[in-house]
>>> print(open('input-v7.cif').read())   # mmCIF, C-alpha atoms and all ligand atoms
data_query
loop_
_atom_site.label_atom_id
_atom_site.label_comp_id
_atom_site.auth_asym_id
_atom_site.auth_seq_id
_atom_site.Cartn_x
_atom_site.Cartn_y
_atom_site.Cartn_z
CA MET A 1025 -79.80 78.89 -12.03
CA ALA A 1026 -77.52 76.04 -10.87
CA ARG A 1027 -78.60 72.71 -12.36
CA GLU A 1028 -77.29 69.51 -10.87
CA THR A 1029 -77.41 66.13 -12.56
CA LEU A 1030 -78.06 63.17 -10.31
CA ASP A 1031 -79.04 59.54 -10.49
CA VAL A 1032 -81.48 59.67 -7.60
CA LEU A 1033 -83.36 62.52 -5.91
CA ILE A 1034 -85.06 61.46 -2.69
CA VAL A 1035 -87.60 63.83 -1.16
CA GLY A 1036 -87.96 63.20 2.60
CA ALA A 1037 -85.16 62.39 5.05
CA GLY A 1038 -87.28 60.22 7.32
CA ALA A 1039 -86.86 56.52 8.02
CA ALA A 1040 -87.69 55.34 4.49
CA GLY A 1041 -85.83 58.09 2.60
CA MET A 1042 -82.59 57.65 4.54
CA MET A 1043 -82.69 53.88 4.14
CA CYS A 1044 -83.17 54.27 0.40
CA ALA A 1045 -80.31 56.79 0.17
CA ILE A 1046 -77.92 54.37 1.92
CA GLU A 1047 -78.71 51.52 -0.45
CA ALA A 1048 -78.69 53.61 -3.65
CA GLY A 1049 -75.45 55.34 -2.58
CA ARG A 1050 -73.78 51.99 -1.87
CA ARG A 1051 -74.61 50.91 -5.38
CA GLY A 1052 -72.63 53.88 -6.72
CA ARG A 1053 -75.58 56.13 -7.51
CA ARG A 1054 -75.22 59.90 -7.13
CA VAL A 1055 -77.88 60.57 -4.50
CA LEU A 1056 -79.33 63.79 -3.11
CA VAL A 1057 -81.85 63.75 -0.24
CA VAL A 1058 -83.85 66.92 0.40
CA ASP A 1059 -86.16 67.64 3.32
CA HIS A 1060 -88.02 70.80 4.32
CA ALA A 1061 -87.33 70.14 8.00
CA ARG A 1062 -84.25 71.43 9.81
CA ALA A 1063 -83.19 67.96 11.00
CA PRO A 1064 -83.49 64.48 9.49
CA GLY A 1065 -85.56 61.72 11.08
CA GLU A 1066 -87.66 63.88 13.39
CA LYS A 1067 -90.30 61.18 13.81
CA ILE A 1068 -87.61 58.66 14.68
CA ARG A 1069 -86.41 61.05 17.38
CA ILE A 1070 -89.80 61.27 19.11
CA SER A 1071 -90.82 57.67 18.50
CA GLY A 1072 -91.28 55.08 21.21
CA GLY A 1073 -91.14 57.72 23.95
CA GLY A 1074 -87.65 58.77 22.73
CA ARG A 1075 -86.34 55.20 22.54
CA CYS A 1076 -87.67 54.26 19.06
CA ASN A 1077 -89.51 50.97 18.75
CA PHE A 1078 -87.48 50.28 15.60
CA THR A 1079 -88.88 46.88 14.61
CA ASN A 1080 -90.84 43.87 15.80
CA LEU A 1081 -89.53 40.31 16.08
CA GLY A 1082 -92.77 38.89 14.68
CA CYS A 1083 -93.17 41.31 11.77
CA GLY A 1084 -94.98 39.87 8.73
CA PRO A 1085 -97.65 40.88 6.20
CA ALA A 1086 -100.44 39.92 8.63
CA ASN A 1087 -99.52 42.93 10.77
CA PHE A 1088 -100.43 45.43 8.04
CA LEU A 1089 -103.59 47.06 6.69
CA GLY A 1090 -104.27 48.40 3.23
CA GLU A 1091 -106.32 47.53 0.17
CA ASN A 1092 -103.77 44.80 -0.60
CA PRO A 1093 -102.03 43.82 2.66
CA ARG A 1094 -100.00 41.17 0.76
CA PHE A 1095 -98.26 43.97 -1.17
CA ALA A 1096 -95.77 44.43 1.68
CA ALA A 1097 -94.75 40.76 1.75
CA SER A 1098 -91.96 40.91 -0.81
CA ALA A 1099 -90.08 43.88 0.65
CA LEU A 1100 -90.57 42.64 4.23
CA LYS A 1101 -89.07 39.30 3.25
CA ARG A 1102 -86.15 40.67 1.28
CA TYR A 1103 -85.19 43.16 4.01
CA SER A 1104 -86.53 41.76 7.25
CA GLN A 1105 -86.47 42.67 10.92
CA ARG A 1106 -83.41 40.41 11.25
CA ASP A 1107 -81.56 42.51 8.67
CA PHE A 1108 -82.34 45.71 10.52
CA ILE A 1109 -81.38 44.19 13.90
CA ALA A 1110 -78.05 43.15 12.35
CA LYS A 1111 -77.49 46.75 11.23
CA VAL A 1112 -78.29 48.07 14.72
CA ASP A 1113 -75.90 45.49 16.22
CA ARG A 1114 -73.10 46.45 13.81
CA HIS A 1115 -73.37 49.99 15.18
CA GLY A 1116 -73.17 48.73 18.74
CA ILE A 1117 -76.59 50.14 19.67
CA ALA A 1118 -77.95 48.33 22.71
CA TRP A 1119 -81.61 47.29 22.57
CA HIS A 1120 -84.18 45.26 24.43
CA GLU A 1121 -87.52 43.60 23.81
CA LYS A 1122 -90.16 45.47 25.78
CA THR A 1123 -93.25 43.38 25.11
CA LEU A 1124 -94.92 41.48 22.24
CA GLY A 1125 -91.73 41.36 20.17
CA GLN A 1126 -91.28 45.16 20.24
CA LEU A 1127 -87.61 46.19 20.10
CA PHE A 1128 -86.51 49.52 21.61
CA CYS A 1129 -83.12 51.23 22.01
CA ASP A 1130 -81.83 50.94 25.58
CA ASP A 1131 -80.60 54.51 25.41
CA SER A 1132 -81.98 56.89 22.77
CA ALA A 1133 -83.75 57.06 19.40
CA LYS A 1134 -81.06 59.54 18.37
CA GLN A 1135 -78.69 56.57 18.01
CA ILE A 1136 -80.84 55.25 15.15
CA ILE A 1137 -80.78 58.66 13.41
CA ARG A 1138 -77.01 58.85 13.87
CA MET A 1139 -76.62 55.34 12.46
CA LEU A 1140 -78.60 56.30 9.35
CA THR A 1141 -76.90 59.65 8.74
CA ASP A 1142 -73.45 58.04 9.22
CA GLU A 1143 -74.29 55.30 6.74
CA MET A 1144 -75.67 57.87 4.31
CA SER A 1145 -72.46 59.87 4.30
CA ASP A 1146 -70.35 56.67 4.05
CA ALA A 1147 -72.43 55.77 1.00
CA GLY A 1148 -71.73 59.21 -0.51
CA ALA A 1149 -75.33 60.47 -0.38
CA THR A 1150 -75.79 64.21 0.11
CA LEU A 1151 -78.41 65.57 2.54
CA ARG A 1152 -79.84 69.06 2.07
CA LEU A 1153 -82.17 70.33 4.80
CA GLY A 1154 -84.63 73.23 4.82
CA VAL A 1155 -85.43 72.59 1.16
CA SER A 1156 -88.72 71.66 -0.47
CA VAL A 1157 -89.79 70.92 -4.03
CA GLN A 1158 -91.49 73.64 -6.07
CA TRP A 1159 -92.35 71.70 -9.17
CA ILE A 1160 -91.56 68.46 -10.95
CA ASP A 1161 -91.48 67.88 -14.68
CA ARG A 1162 -90.98 64.59 -16.39
CA ASP A 1163 -88.65 64.97 -19.33
CA GLY A 1164 -87.61 62.07 -21.52
CA GLU A 1165 -86.08 59.43 -19.29
CA GLY A 1166 -85.94 61.42 -16.04
CA PHE A 1167 -87.26 64.26 -13.93
CA SER A 1168 -86.51 67.98 -13.74
CA VAL A 1169 -87.16 69.30 -10.28
CA ALA A 1170 -87.09 72.90 -9.03
CA LEU A 1171 -86.10 73.27 -5.38
CA SER A 1172 -87.04 76.05 -2.98
CA ASP A 1173 -83.38 77.14 -2.55
CA GLY A 1174 -83.40 78.32 -6.17
CA SER A 1175 -81.48 75.35 -7.54
CA SER A 1176 -82.76 72.78 -9.97
CA VAL A 1177 -81.99 69.13 -10.33
CA ARG A 1178 -82.18 66.59 -13.10
CA ALA A 1179 -82.51 63.05 -11.81
CA ALA A 1180 -83.07 59.70 -13.51
CA SER A 1181 -85.06 58.49 -10.48
CA LEU A 1182 -87.32 60.42 -8.13
CA VAL A 1183 -88.17 58.78 -4.80
CA VAL A 1184 -91.06 60.23 -2.81
CA ALA A 1185 -90.50 59.50 0.90
CA THR A 1186 -92.39 62.34 2.53
CA GLY A 1187 -94.63 60.19 4.75
CA GLY A 1188 -98.31 60.77 5.50
CA LYS A 1189 -100.41 63.48 7.13
CA SER A 1190 -99.97 62.58 10.79
CA ILE A 1191 -98.64 65.29 13.13
CA PRO A 1192 -98.78 68.36 10.84
CA LYS A 1193 -96.99 70.33 13.60
CA MET A 1194 -93.89 68.27 12.75
CA GLY A 1195 -94.07 69.17 9.06
CA ALA A 1196 -96.25 66.33 7.73
CA THR A 1197 -97.82 67.53 4.50
CA GLY A 1198 -99.47 64.79 2.49
CA TRP A 1199 -97.34 66.10 -0.39
CA ALA A 1200 -96.71 62.55 -1.63
CA TYR A 1201 -100.38 62.25 -2.58
CA GLU A 1202 -100.18 65.42 -4.72
CA VAL A 1203 -97.19 63.98 -6.60
CA ALA A 1204 -99.01 60.67 -7.09
CA ARG A 1205 -102.03 62.48 -8.54
CA GLN A 1206 -99.82 64.66 -10.76
CA PHE A 1207 -98.56 61.46 -12.39
CA GLY A 1208 -101.99 59.83 -12.62
CA LEU A 1209 -101.63 57.41 -9.68
CA ARG A 1210 -104.68 56.73 -7.53
CA VAL A 1211 -104.56 57.59 -3.82
CA THR A 1212 -106.80 55.53 -1.55
CA GLU A 1213 -108.89 57.25 1.13
CA THR A 1214 -106.66 58.45 3.96
CA ARG A 1215 -107.59 58.67 7.66
CA PRO A 1216 -105.80 59.06 10.99
CA ALA A 1217 -104.76 55.72 12.53
CA LEU A 1218 -103.09 54.56 15.74
CA VAL A 1219 -104.97 57.40 17.39
CA PRO A 1220 -106.96 57.91 20.63
CA LEU A 1221 -110.75 57.69 20.27
CA THR A 1222 -113.12 60.45 21.42
CA PHE A 1223 -116.66 60.32 22.90
CA GLU A 1224 -119.76 62.47 23.21
CA GLN A 1225 -120.30 64.59 26.30
CA GLY A 1226 -122.53 62.10 28.15
CA MET A 1227 -119.92 59.35 27.95
CA LEU A 1228 -117.10 61.79 28.75
CA GLU A 1229 -118.78 62.45 32.09
CA THR A 1230 -118.17 58.79 32.89
CA LEU A 1231 -114.65 58.71 31.43
CA ILE A 1232 -113.12 61.94 32.77
CA PRO A 1233 -113.23 60.97 36.48
CA LEU A 1234 -111.32 57.82 35.47
CA ALA A 1235 -108.52 59.73 33.69
CA GLY A 1236 -105.20 58.07 34.43
CA VAL A 1237 -106.64 54.59 35.12
CA ALA A 1238 -105.00 51.85 33.02
CA VAL A 1239 -106.23 48.27 32.54
CA GLU A 1240 -105.11 45.29 30.50
CA ALA A 1241 -108.04 44.95 28.11
CA THR A 1242 -109.25 43.14 25.04
CA VAL A 1243 -110.82 45.66 22.67
CA SER A 1244 -112.83 44.54 19.63
CA ALA A 1245 -114.26 46.23 16.56
CA GLY A 1246 -116.14 43.79 14.37
CA LYS A 1247 -114.03 40.66 14.06
CA THR A 1248 -110.75 42.36 14.98
CA ARG A 1249 -109.48 42.37 18.55
CA PHE A 1250 -106.35 43.44 20.40
CA SER A 1251 -105.29 42.56 23.94
CA GLU A 1252 -103.05 45.29 25.37
CA ALA A 1253 -103.20 48.12 27.87
CA MET A 1254 -106.06 50.64 27.70
CA LEU A 1255 -105.94 54.08 29.29
CA PHE A 1256 -108.78 56.40 30.37
CA THR A 1257 -108.00 60.04 29.56
CA HIS A 1258 -109.64 63.47 29.84
CA ARG A 1259 -110.54 63.26 26.15
CA GLY A 1260 -111.67 59.63 25.93
CA LEU A 1261 -109.83 56.33 25.59
CA SER A 1262 -106.22 55.75 24.64
CA GLY A 1263 -103.38 53.30 25.27
CA PRO A 1264 -102.05 50.61 22.91
CA ALA A 1265 -105.27 48.54 22.70
CA ILE A 1266 -107.28 51.60 21.64
CA LEU A 1267 -104.63 52.88 19.20
CA GLN A 1268 -104.57 49.44 17.57
CA ILE A 1269 -108.34 49.18 17.23
CA SER A 1270 -108.58 52.77 15.89
CA SER A 1271 -107.08 51.54 12.62
CA TYR A 1272 -110.06 49.19 12.18
CA TRP A 1273 -112.89 51.19 13.77
CA ARG A 1274 -115.20 53.19 11.49
CA GLU A 1275 -117.59 56.07 12.32
CA GLY A 1276 -120.98 54.88 13.58
CA GLU A 1277 -119.60 51.60 14.95
CA ALA A 1278 -119.31 50.58 18.59
CA ILE A 1279 -116.28 48.94 20.17
CA THR A 1280 -116.51 46.23 22.82
CA VAL A 1281 -114.11 46.21 25.73
CA ALA A 1282 -113.29 43.39 28.15
CA MET A 1283 -111.50 44.91 31.15
CA ALA A 1284 -110.83 41.60 32.90
CA PRO A 1285 -110.36 39.40 29.84
CA GLY A 1286 -110.47 35.68 30.46
CA GLN A 1287 -111.95 36.11 33.93
CA ASP A 1288 -115.44 34.97 34.95
CA VAL A 1289 -116.38 38.13 36.84
CA TYR A 1290 -119.81 36.80 37.81
CA ALA A 1291 -118.34 33.62 39.32
CA ARG A 1292 -115.76 35.59 41.30
CA LEU A 1293 -118.36 38.02 42.66
CA LYS A 1294 -120.76 35.19 43.49
CA THR A 1295 -118.03 33.35 45.43
CA ALA A 1296 -117.14 36.58 47.26
CA LYS A 1297 -120.84 37.11 48.07
CA ASP A 1298 -121.18 33.55 49.45
CA GLU A 1299 -117.96 33.79 51.47
CA ASN A 1300 -118.12 37.36 52.73
CA GLY A 1301 -121.44 39.06 52.01
CA LYS A 1302 -120.59 42.07 54.19
CA GLN A 1303 -118.00 43.22 51.69
CA ALA A 1304 -118.98 46.29 49.60
CA VAL A 1305 -119.61 45.46 45.94
CA HIS A 1306 -116.97 47.92 44.72
CA THR A 1307 -114.40 46.39 47.11
CA ALA A 1308 -114.99 42.91 45.67
CA LEU A 1309 -114.92 44.30 42.13
CA GLY A 1310 -111.74 46.19 43.06
CA HIS A 1311 -109.98 42.80 43.33
CA ILE A 1312 -110.71 42.28 39.62
CA VAL A 1313 -110.26 45.76 38.06
CA PRO A 1314 -108.55 48.91 39.41
CA ARG A 1315 -110.37 50.37 42.41
CA ARG A 1316 -111.47 53.67 40.79
CA LEU A 1317 -112.87 51.76 37.86
CA ALA A 1318 -114.62 49.31 40.19
CA GLU A 1319 -116.28 52.20 42.05
CA SER A 1320 -117.41 53.80 38.79
CA ILE A 1321 -118.86 50.56 37.40
CA ALA A 1322 -120.63 49.66 40.64
CA ALA A 1323 -122.18 53.16 40.83
CA ARG A 1324 -123.23 53.05 37.17
CA GLU A 1325 -124.90 49.67 37.62
CA GLY A 1326 -126.68 50.78 40.81
CA ALA A 1327 -124.78 48.24 42.92
CA ALA A 1328 -123.71 50.51 45.75
CA GLY A 1329 -124.27 48.41 48.89
CA LYS A 1330 -122.93 45.19 50.37
CA LEU A 1331 -122.58 42.05 48.26
CA ALA A 1332 -125.20 40.23 50.36
CA GLU A 1333 -127.77 42.91 49.45
CA VAL A 1334 -127.21 42.61 45.72
CA ALA A 1335 -129.20 40.16 43.58
CA ASP A 1336 -127.33 37.64 41.44
CA LYS A 1337 -128.77 39.23 38.32
CA THR A 1338 -127.02 42.48 39.30
CA LEU A 1339 -123.76 40.54 39.60
CA ARG A 1340 -124.37 39.31 36.05
CA ARG A 1341 -124.87 42.94 34.95
CA LEU A 1342 -121.56 43.85 36.58
CA ASP A 1343 -119.92 40.99 34.70
CA GLN A 1344 -121.30 42.43 31.43
CA ALA A 1345 -120.20 45.96 32.39
CA VAL A 1346 -116.64 44.72 32.98
CA ASN A 1347 -116.21 42.24 30.14
CA ALA A 1348 -118.69 43.27 27.46
CA TRP A 1349 -118.64 47.05 27.81
CA THR A 1350 -119.94 48.41 24.52
CA VAL A 1351 -119.22 52.05 23.72
CA LYS A 1352 -119.60 54.15 20.62
CA PRO A 1353 -116.75 56.56 19.88
CA VAL A 1354 -117.76 59.73 18.02
CA GLY A 1355 -114.40 60.15 16.37
CA SER A 1356 -110.68 60.25 16.95
CA GLU A 1357 -108.18 62.91 17.95
CA GLY A 1358 -107.30 63.16 14.24
CA TYR A 1359 -103.98 63.78 12.53
CA ARG A 1360 -102.90 66.04 15.40
CA THR A 1361 -101.97 63.00 17.49
CA ALA A 1362 -102.28 60.03 15.08
CA GLU A 1363 -99.08 57.99 14.85
CA VAL A 1364 -99.73 57.11 11.23
CA THR A 1365 -101.95 57.72 8.22
CA LEU A 1366 -104.05 54.84 6.99
CA GLY A 1367 -104.32 54.67 3.19
CA GLY A 1368 -102.11 56.43 0.68
CA VAL A 1369 -100.64 55.79 -2.75
CA ASP A 1370 -102.50 52.83 -4.25
CA THR A 1371 -100.32 49.73 -4.15
CA ALA A 1372 -101.93 48.51 -7.40
CA ALA A 1373 -100.04 51.32 -9.14
CA LEU A 1374 -96.66 50.21 -7.71
CA ASP A 1375 -94.35 47.28 -8.35
CA GLN A 1376 -94.05 45.32 -5.09
CA GLN A 1377 -90.41 44.35 -5.68
CA THR A 1378 -89.15 47.89 -6.32
CA MET A 1379 -91.85 50.39 -5.22
CA GLN A 1380 -91.65 51.90 -8.71
CA ALA A 1381 -94.79 53.31 -10.31
CA ARG A 1382 -95.79 50.80 -13.00
CA GLU A 1383 -96.75 53.46 -15.52
CA VAL A 1384 -94.09 56.06 -14.66
CA PRO A 1385 -90.60 54.52 -14.87
CA GLY A 1386 -88.19 56.20 -12.46
CA LEU A 1387 -90.86 57.35 -9.98
CA TYR A 1388 -90.89 55.56 -6.60
CA PHE A 1389 -93.04 55.83 -3.45
CA ILE A 1390 -91.86 54.39 -0.13
CA GLY A 1391 -92.73 54.36 3.57
CA GLU A 1392 -95.88 55.78 5.09
CA ALA A 1393 -96.88 57.56 1.86
CA VAL A 1394 -97.91 54.17 0.46
CA ASP A 1395 -101.21 52.44 1.32
CA VAL A 1396 -99.44 50.07 3.72
CA THR A 1397 -100.08 50.71 7.42
CA GLY A 1398 -98.69 48.64 10.25
CA TRP A 1399 -99.98 47.84 13.69
CA LEU A 1400 -98.52 49.60 16.70
CA GLY A 1401 -95.29 47.95 17.82
CA GLY A 1402 -92.41 48.70 15.43
CA TYR A 1403 -94.17 47.49 12.28
CA ASN A 1404 -94.36 50.94 10.66
CA PHE A 1405 -90.64 51.53 10.94
CA GLN A 1406 -89.97 48.04 9.58
CA TRP A 1407 -92.11 48.91 6.54
CA ALA A 1408 -90.11 52.14 6.12
CA TRP A 1409 -86.79 50.22 6.28
CA SER A 1410 -87.99 47.42 3.97
CA SER A 1411 -89.64 49.61 1.33
CA GLY A 1412 -86.72 52.09 1.43
CA TRP A 1413 -84.27 49.22 0.99
CA ALA A 1414 -86.27 47.76 -1.93
CA ALA A 1415 -86.37 51.09 -3.79
CA GLY A 1416 -82.69 51.69 -3.00
CA GLN A 1417 -81.78 48.42 -4.79
CA ALA A 1418 -83.74 49.41 -7.86
CA CYS A 1419 -83.39 53.13 -8.44
C1 LIG A 1501 -95.37 60.20 18.01
C2 LIG A 1501 -95.06 59.07 17.07
C3 LIG A 1501 -94.43 57.93 17.55
C4 LIG A 1501 -94.16 56.85 16.71
N1 LIG A 1501 -93.54 55.76 17.20
C5 LIG A 1501 -93.27 54.71 16.39
C6 LIG A 1501 -92.53 53.59 16.87
O1 LIG A 1501 -92.04 53.58 18.00
N2 LIG A 1501 -92.38 52.53 16.02
C7 LIG A 1501 -92.85 52.54 14.73
O2 LIG A 1501 -92.67 51.55 14.00
N3 LIG A 1501 -93.49 53.62 14.23
C8 LIG A 1501 -93.70 54.70 15.02
N4 LIG A 1501 -94.34 55.81 14.51
C9 LIG A 1501 -94.67 55.81 13.08
C10 LIG A 1501 -93.39 56.15 12.28
O3 LIG A 1501 -92.81 57.31 12.81
C11 LIG A 1501 -93.71 56.34 10.79
O4 LIG A 1501 -94.42 55.22 10.31
C12 LIG A 1501 -92.42 56.51 9.99
O5 LIG A 1501 -91.70 57.63 10.48
C13 LIG A 1501 -92.70 56.68 8.52
O6 LIG A 1501 -91.47 56.88 7.87
P1 LIG A 1501 -91.40 57.69 6.51
O7 LIG A 1501 -89.95 57.81 6.20
O8 LIG A 1501 -92.31 57.11 5.50
O9 LIG A 1501 -92.00 59.13 6.87
P2 LIG A 1501 -91.49 60.22 7.92
O10 LIG A 1501 -90.66 59.60 8.96
O11 LIG A 1501 -92.70 60.99 8.30
O12 LIG A 1501 -90.52 61.15 7.06
C14 LIG A 1501 -90.99 62.01 6.06
C15 LIG A 1501 -89.99 63.13 5.90
O13 LIG A 1501 -90.42 63.91 4.78
C16 LIG A 1501 -90.34 65.30 5.13
N5 LIG A 1501 -91.35 65.99 4.33
C17 LIG A 1501 -92.70 65.93 4.44
N6 LIG A 1501 -93.28 66.69 3.51
C18 LIG A 1501 -92.28 67.26 2.79
C19 LIG A 1501 -92.25 68.14 1.70
N7 LIG A 1501 -93.37 68.58 1.14
N8 LIG A 1501 -91.03 68.55 1.21
C20 LIG A 1501 -89.88 68.09 1.78
N9 LIG A 1501 -89.85 67.24 2.82
C21 LIG A 1501 -91.04 66.82 3.32
C22 LIG A 1501 -90.57 65.34 6.62
O14 LIG A 1501 -89.97 66.51 7.18
C23 LIG A 1501 -89.90 64.05 7.09
O15 LIG A 1501 -88.55 64.24 7.44
C24 LIG A 1501 -94.57 56.91 15.34
C25 LIG A 1501 -95.19 58.07 14.85
C26 LIG A 1501 -95.42 59.14 15.70
C27 LIG A 1501 -96.07 60.36 15.12
#
>>> encode(input="input-v7.cif", output="structure tokens")
Amino acid sequence: MARETLDVLIVGAGAAGMMCAIEAGRRGRRVLVVDHARAPGEKIRISGGGRCNFTNLGCGPANFLGENPRFAASALKRYSQRDFIAKVDRHGIAWHEKTLGQLFCDDSAKQIIRMLTDEMSDAGATLRLGVSVQWIDRDGEGFSVALSDGSSVRAASLVVATGGKSIPKMGATGWAYEVARQFGLRVTETRPALVPLTFEQGMLETLIPLAGVAVEATVSAGKTRFSEAMLFTHRGLSGPAILQISSYWREGEAITVAMAPGQDVYARLKTAKDENGKQAVHTALGHIVPRRLAESIAAREGAAGKLAEVADKTLRRLDQAVNAWTVKPVGSEGYRTAEVTLGGVDTAALDQQTMQAREVPGLYFIGEAVDVTGWLGGYNFQWAWSSGWAAGQAC
């Protein structure tokens, strides 16, 4: 059996793995990247609706969840959004800020993949696709690794960059957690995050007729709130505000939704009633929220007639229904559609400067595999770039 000797074996040619390969290769290391997929960076390709929201101008540790959200601070500071933007600019990739500091390619996410694969080959790193790992043995100062193509590798450093469990259809495996456990590292509880929320049948009967309606909303779970778009769907609620709150919501809890945040709905309806009482309630409400939503809320609150016929206390109920709508999700759409996995390899077991396992010299975990999860908006890719860069400097 062919046995290759390397400095660094990276498993996973996603955002984090490719970034790590570039940095390690530039430092003269002999680097091999293996991936069981047929193409590198598949999640980059589909991200941001095909335009890749590759970072966020305001990225900092406060935008991340995990048992120790401060863990990300060092890597995010040493390789920041500004560093990645400079890389994108050097490659002449045009980009724009869409909203809330989110940066997207003007043209295509494929440009980011091309940038990374070009830099990898310039740095002398080798990429082997369609290959997975069969077993890993730690021997002396390094690792012996058997690959599925029949070859074996000896590497001083092993970098696990295989991501989390989200979108199994795209080859997500949760394999990183198995490796962590093999070497005695704790894995925190994992769950789907940045994912649409689902509802029981009774509530779905209210939601389904509204499928396709979008509103700017403030959605809260406990003390956490996000103000972004919310979308009604055939399966429940989605859109950025819901995806964001899904990372904080837990089973059994309700979420509260304001669908006209910052507006005094009662005062507006009362003025409309005083000025033009012949107006239908849903018409007046339709000046505040989308018309289909207004009709649904008015019907649900038994406020079908003209404004003049409706008591002020009903207007107050409508205000509550618009701006303090409390609903209890039953679950989420799960890993099938989740953009990321919350939880992962315990950060307490890793060095925050290098991503190296404290008790297993030479073993590194980077990217989504680690218990560092970003908000929606380019934060997860920035963590992949920053953690990949940090490990690439060290391995
Ligand atoms: C639909 C969608 C859209 C997204 N959009 C954005 C966005 O716009 N902005 C943003 O910041 N984040 C976005 N994300 C999240 C982002 O894609 C991830 O956070 C990021 O890709 C994580 O990078 P990673 O390198 O850690 O893992 P990945 O990119 O998942 O890469 C892991 C690699 O490891 C390989 N692999 C897995 N298991 C094995 C195994 N056992 N053996 C060999 N290889 C293996 C996979 O094939 C893959 O190539 C999106 C996610 C999804 C699903």
>>> closest_residue(input="input-v7.cif", among="A:Val1184, A:Ala1179, A:Ala1170, A:Val1239", to="ligand LIG 1501 (chain A)", atoms="all atoms listed in the file")
A:Val1184
>>> closest_atom_pairs(input="input-v7.cif", of="chain A", to="ligand LIG 1501 (chain A)", cutoff="6 Å", atoms="all atoms listed in the file", output="tab-separated table")
residue	atom	partner	partner_atom	distance
A:Val1035	CA	A:LIG1501	C20	5.7
A:Gly1036	CA	A:LIG1501	O13	3.4
A:Ala1037	CA	A:LIG1501	O15	4.5
A:Gly1038	CA	A:LIG1501	O12	3.4
A:Ala1039	CA	A:LIG1501	O7	3.8
A:Ala1040	CA	A:LIG1501	O7	3.8
A:Gly1041	CA	A:LIG1501	O7	5.5
A:Asp1059	CA	A:LIG1501	N9	3.7
A:His1060	CA	A:LIG1501	C20	4.2
A:Ala1061	CA	A:LIG1501	O14	4.6
A:Pro1064	CA	A:LIG1501	O15	5.5
A:Gly1065	CA	A:LIG1501	O15	5.3
A:Lys1067	CA	A:LIG1501	O3	4.7
A:Ile1068	CA	A:LIG1501	O3	5.7
A:Ile1070	CA	A:LIG1501	C1	5.8
A:Ser1071	CA	A:LIG1501	N1	3.6
A:Gly1072	CA	A:LIG1501	O1	3.6
A:Cys1076	CA	A:LIG1501	O1	4.5
A:Asn1077	CA	A:LIG1501	O1	3.7
A:Phe1078	CA	A:LIG1501	N2	5.4
A:Ser1156	CA	A:LIG1501	N8	4.2
A:Val1157	CA	A:LIG1501	N8	5.9
A:Ala1185	CA	A:LIG1501	O8	5.5
A:Thr1186	CA	A:LIG1501	O13	3.4
A:Gly1187	CA	A:LIG1501	O9	3.5
A:Ile1191	CA	A:LIG1501	C27	5.9
A:Gly1195	CA	A:LIG1501	O14	5.2
A:Ala1196	CA	A:LIG1501	C17	4.9
A:Thr1197	CA	A:LIG1501	N6	4.7
A:Trp1199	CA	A:LIG1501	N7	4.9
A:Glu1363	CA	A:LIG1501	C27	3.8
A:Val1364	CA	A:LIG1501	C9	5.5
A:Gly1391	CA	A:LIG1501	O8	3.4
A:Glu1392	CA	A:LIG1501	O8	3.8
A:Ala1393	CA	A:LIG1501	O8	5.9
A:Gly1401	CA	A:LIG1501	N2	5.7
A:Gly1402	CA	A:LIG1501	O2	3.2
A:Tyr1403	CA	A:LIG1501	O2	4.7
A:Asn1404	CA	A:LIG1501	O2	3.8
A:Phe1405	CA	A:LIG1501	O2	3.7
A:Ala1408	CA	A:LIG1501	O6	5.2
>>> residues_near_point(input="input-v7.cif", point="(-102.9, 57.7, 2.9)", cutoff="6 Å", atoms="all atoms listed in the file", output="list in words")
Thr1214, Thr1365, Leu1366, Gly1367, Gly1368 and Asp1395 of chain A
>>> residues_around(input="input-v7.cif", residues="Tyr1103 in chain A", least_positions_apart="3", cutoff="9 Å", atoms="only C-alpha atoms", output="JSON, numbers by chain")
{"A": [1098, 1099, 1100, 1106, 1107, 1108, 1406, 1409, 1410, 1411, 1413, 1414]}
>>> axis_aligned_box(input="input-v7.cif", around="range 1360-1370 of chain A", padding_each_side="6 Å", output="AutoDock Vina command-line options")
--center_x -101.7 --center_y 59.4 --center_z 6.6 --size_x 17.2 --size_y 25.2 --size_z 33.7
>>> atom_distance(input="input-v7.cif", atom1="CA of Leu1124 in chain A", atom2="CA of Pro1264 in chain A")
11.6 Å
>>> closest_residue(input="input-v7.cif", among="A:Val1346, A:Ala1048, A:Val1112, A:Ile1279", to="Leu1309 in chain A", atoms="all atoms listed in the file")
A:Val1346
>>> closest_residue(input="input-v7.cif", among="A:Leu1339, A:Ala1217, A:Ala1372, A:Leu1255", to="Tyr1359 in chain A", atoms="only C-alpha atoms")
A:Ala1217
>>> closest_residue(input="input-v7.cif", among="A:Ile1160, A:Leu1234, A:Val1351, A:Leu1293", to="Gly1276 in chain A", atoms="only C-alpha atoms")
A:Val1351
